[in-house]
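Heads up: the structure comes next, in structure tokens.
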Number of protein chains: 2
Amino acid sequence: MNINEIARMAGVSRATVSRYLNDGYVSEEKRDAIRKVIERTGYVPSSQAQTLRTGKTKLVGVIMPKINSESVGRMVAGISEVLKDSGYQIILANTDNHEAEEVKYLKVLAEDQVDGIILIGTVFTPSHLKVMRDLRVPLVILGQSLEGYSCVYDDDYHSMLEMARLVLTHSHRPAFLGVTEKDESAGAARAKAFSDACAEAGIELPKGAMNSGEFTIDSGYSMAERVLRRIPDVDAFVCATDNIAAGAMACLRDQGRSVPGEVQVTGVGDSRLAHVVTPTLTTLHYYYRTSGAEAAKLLVSMMAGEDVVSREIKMGFDVVRGGSTL
Amino acid sequence: MNINEIARMAGVSRATVSRYLNDGYVSEEKRDAIRKVIERTGYVPSSQAQTLRTGKTKLVGVIMPKINSESVGRMVAGISEVLKDSGYQIILANTDNHEAEEVKYLKVLAEDQVDGIILIGTVFTPSHLKVMRDLRVPLVILGQSLEGYSCVYDDDYHSMLEMARLVLTHSHRPAFLGVTEKDESAGAARAKAFSDACAEAGIELPKGAMNSGEFTIDSGYSMAERVLRRIPDVDAFVCATDNIAAGAMACLRDQGRSVPGEVQVTGVGDSRLAHVVTPTLTTLHYYYRTSGAEAAKLLVSMMAGEDVVSREIKMGFDVVRGGSTL
DNA sequence: CCTTGGTATGGAATCGTTCCCATATCGACC
DNA sequence: GGTCGATATGGGAACGATTCCATACCAAGG
């Protein structure tokens, strides 16, 4: 069942059916005739042929470092919410934190497949930049800020600064449990905010106070273990993610240290985890879902050809006070 | 840059280039010539044109009830792992637990867009069955079992039976916190297993012992609250998901009841949550990632045309003992 | 020597749309 | 009355591949 059949059955030309389906100039009678035939046959235009002819796929590629992560999940939920209404489908590319995969997908997707790309990136290597420069479809970066590109990101620095200040009102021997500094946002920015806050409070950080690991609970556990060995009188764990904080709390529990009495703990992300640990976790709420939605909106307008001067959207944040701080 | 250009530059016909790209019969010399031109120009065949001509999209649709859920995330990770290697891309459809959306996506995706579909379903309505019956692409159902379709699912009944038996060795006033029975797997099967285990142990369940709510922590909290009012001497909460169990534990904590001393608690899913609550949660480990991978493998072979007699794969499980049971 | 089958190649049709162009009618306006 | 713009319609050329078919060469086998 194709457009020719429909045209024949409705007694009009193929071109008229096409016009009926898209925009202009079809008389009332023919319009009726075509509508009837289409209803009766349940005809749906082949999106593949449309794609070939128009060069528009109505697909958006979302490249993400890890599908089963709560923050990414929330972002994608926001993206999907917006794109659904704009008639776009999401095509998913999961890189499992493998930078090379990220570059590969950028290339493959842009080749043909999609009208636009949202990159939930972590680390930008030179080959990232190269591929991104000669991309032929609009790109929005989510979760990181990068000069010259449209991006939606969280205020990692100031939010962590505020969190650190809060902790430091009752802490003199704090330690930081973070992730790789190659990650500008979750890594470098949060670490810098922490050490700036310490400097501001006149605290000199001992060796071993700044740590870097993975985004996992296990990594949080082992970093905490290590700090407790090297700085036995540590009195606060400021963590770069809720996962890490949860790991740290597990470690403290196992070693019989009370939270927040002996050691305060804070996380980032306001994940479900934060609300079920005992005591509940003081954490930073980032508007992940909303930032996903904003990124999608931005991309939609870019794909519509409005020459959005590459925009940056910095999201707000809230400090969520749980029982893990004084 | 299209196949004609390449053909011209290599001094061969378009057909020969196409044969070079696909299978047979190209002489060594021409093969070399074509390869050189392709390397130099970086030519990549238009997948849209290929799709139009061959009818194969190299896309697989994955319909899921909720993207930011840990179990779904794990399943999708498994799917993506397998499909990546088979040259398929994933196209994502998030229904946000809206059954009508599920049906809509089944229709839309099958229309044209994808070579196969994996449905991570929850509830099957008559309109589901109707659409699924006249689908023109292979379908694999993940997480539920449905007569006549290929499916990969967990042994909800027997795993919960085992869990309930474990709890009942030290409990005489247990309650069940579940989800809607319209969900055959997570709802009906787990609830039945629980009541069967109780019957087996000679326990008569009081009114209010069987509960049904949402898949959320909050819902777990309020269900627990309600049971504590109606059955004050309840001594175990057997929950249909870890989220619900986490909510129940939060409620018990708030009401000053000790776990597992006064009330035992169990979950299902072996989520990260289960390991960070205090005490850690006794839960059922389901092989979500593996089941996603299995579903994908099944679909790949179906798409390859091997007439797989619609197969069922029932996954195994483990009981993970945490501190929340005696 | 003629047939047969494997190897190799190009021409042309095809997939199902969109959209440019040519054409036509009709009322309005100078 | 001729020109002009708006409305309406169909013919046909793309879009960029795959694939059927015809053709041709060459070695082997009877």
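Order determines the names: the first chain of the structure tokens is A, the second B, and so forth; residues in each chain are numbered 1 upward, and ligands are numbered 1 upward as they are shown.
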| request: Please report, as number ranges by chain, each residue of segment 127-227 of chain B to which DSSP assigns strand (DSSP E or B) when run on this structure's backbone. | output: B: 139-142, 150-154, 174-179, 210-213
Please, could you write that set of residues out with C-alpha atoms as a PDB file, in the first residue's frame?
ATOM      1  CA  LEU B 139       8.741  -9.389  18.942  1.00  0.00           C
ATOM      2  CA  VAL B 140      10.360 -10.510  22.164  1.00  0.00           C
ATOM      3  CA  ILE B 141       8.694  -9.887  25.496  1.00  0.00           C
ATOM      4  CA  LEU B 142      10.964  -9.200  28.403  1.00  0.00           C
ATOM      5  CA  SER B 150       9.012 -15.414  22.600  1.00  0.00           C
ATOM      6  CA  CYS B 151       9.738 -14.217  26.067  1.00  0.00           C
ATOM      7  CA  VAL B 152      12.450 -13.965  28.634  1.00  0.00           C
ATOM      8  CA  TYR B 153      11.296 -13.647  32.193  1.00  0.00           C
ATOM      9  CA  ASP B 154      12.134 -14.276  35.793  1.00  0.00           C
ATOM     10  CA  PRO B 174       3.600 -11.493  57.970  1.00  0.00           C
ATOM     11  CA  ALA B 175       2.226  -8.953  55.518  1.00  0.00           C
ATOM     12  CA  PHE B 176       2.778  -8.538  51.813  1.00  0.00           C
ATOM     13  CA  LEU B 177       3.431  -5.209  50.128  1.00  0.00           C
ATOM     14  CA  GLY B 178       2.953  -5.651  46.404  1.00  0.00           C
ATOM     15  CA  VAL B 179       1.919  -4.021  43.173  1.00  0.00           C
ATOM     16  CA  MET B 210      -2.172  -8.352  51.289  1.00  0.00           C
ATOM     17  CA  ASN B 211      -1.468  -4.898  49.911  1.00  0.00           C
ATOM     18  CA  SER B 212      -1.019  -3.383  46.519  1.00  0.00           C
ATOM     19  CA  GLY B 213       0.532  -0.068  45.528  1.00  0.00           C
TER      20      GLY B 213
END
| task | Report as a PyMOL selection string the set of chain C residues whose atoms approach chain B to within 9 Å, with distances computed over only C-alpha atoms (C1' of nucleotides). | result | chain C and resi 7-10+14-16
| message | Using only C-alpha atoms and a cut-off of 6 Å, which residues of chain A sit close to chain B? Please list them as a VMD selection string. | response | chain A and resid 48 to 49 52 67 to 68 73 to 74 90 to 92 273 276 to 277
| query | For chain D, which of A:Asp254, A:Glu225, A:Glu162, A:Glu28 is the closest residue, counting only C-alpha atoms (C1' of nucleotides)? | reply |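 So, comparing all the options, the nearest one is A:Glu28.
Near chain B, within 10 Å and using only C-alpha atoms (C1' of nucleotides), the residues of chain D are DC15, DG16, DA17, DT18 and DT19 of chain D.
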| message | For a test of reading the model, state the distance in Å between atom CA of Gly121 of chain A and atom CA of Phe194 of chain A, rounded to one decimal. | response |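 Computed distance, atom CA of Gly121 of chain A to atom CA of Phe194 of chain A, equals 22.6 Å.
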| field | Polymer residues at most 9 Å from Val37 of chain A, only C-alpha atoms (C1' of nucleotides), same-chain spacing of 4 or more positions, as a PyMOL selection string | value | chain A and resi 6-7+9-10+32-33+41-43
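A straight line drawn from atom CA of Gly87 of chain B to atom CA of Met303 of chain B is 12.3 Å long.
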| task | Counting only C-alpha atoms (C1' of nucleotides), figure out which residue out of D:DA8, D:DC26, D:DG2, D:DC20 gets nearest to DC26 of chain C. | result |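 Counting only C-alpha atoms (C1' of nucleotides), the residue closest to DC26 of chain C is D:DA8.
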| message | Residues within 8 Å of segment 230-235 of chain A, please, as JSON, numbers by chain. Count only C-alpha atoms (C1' of nucleotides); anything in the same chain fewer than 2 positions from it doesn't count. | response | {"A": [171, 172, 173, 174, 175, 208, 209, 226, 227, 228, 237, 262, 263, 264]}
| message | Run DSSP on the backbone and tell me which residues of segment 47-262 of chain A come out as helix (DSSP H, G or I); list them as a PyMOL selection string. | response | chain A and resi 47-54+70-85+99-113+126-133+156-168+184-200+217-230+242-254
| Near-DG5 of chain C list (12 Å; only C-alpha atoms (C1' of nucleotides); drop same-chain fewer than 5 positions) as a ChimeraX atom specification | /D:26-29
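The list of residues with at least one atom within 12 Å of DC30 of chain C, based on only C-alpha atoms (C1' of nucleotides) and without residues fewer than 5 positions apart in the same chain, reads DG1, DG2, DT3 and DC4 of chain D.
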| request: Would you please work out which residue, of C:DC19, C:DA13, C:DC2, C:DA24, is nearest to DT9 of chain D when using only C-alpha atoms (C1' of nucleotides)? | output: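 Between C:DC19, C:DA13, C:DC2, C:DA24, the residue approaching DT9 of chain D most closely is C:DA24.
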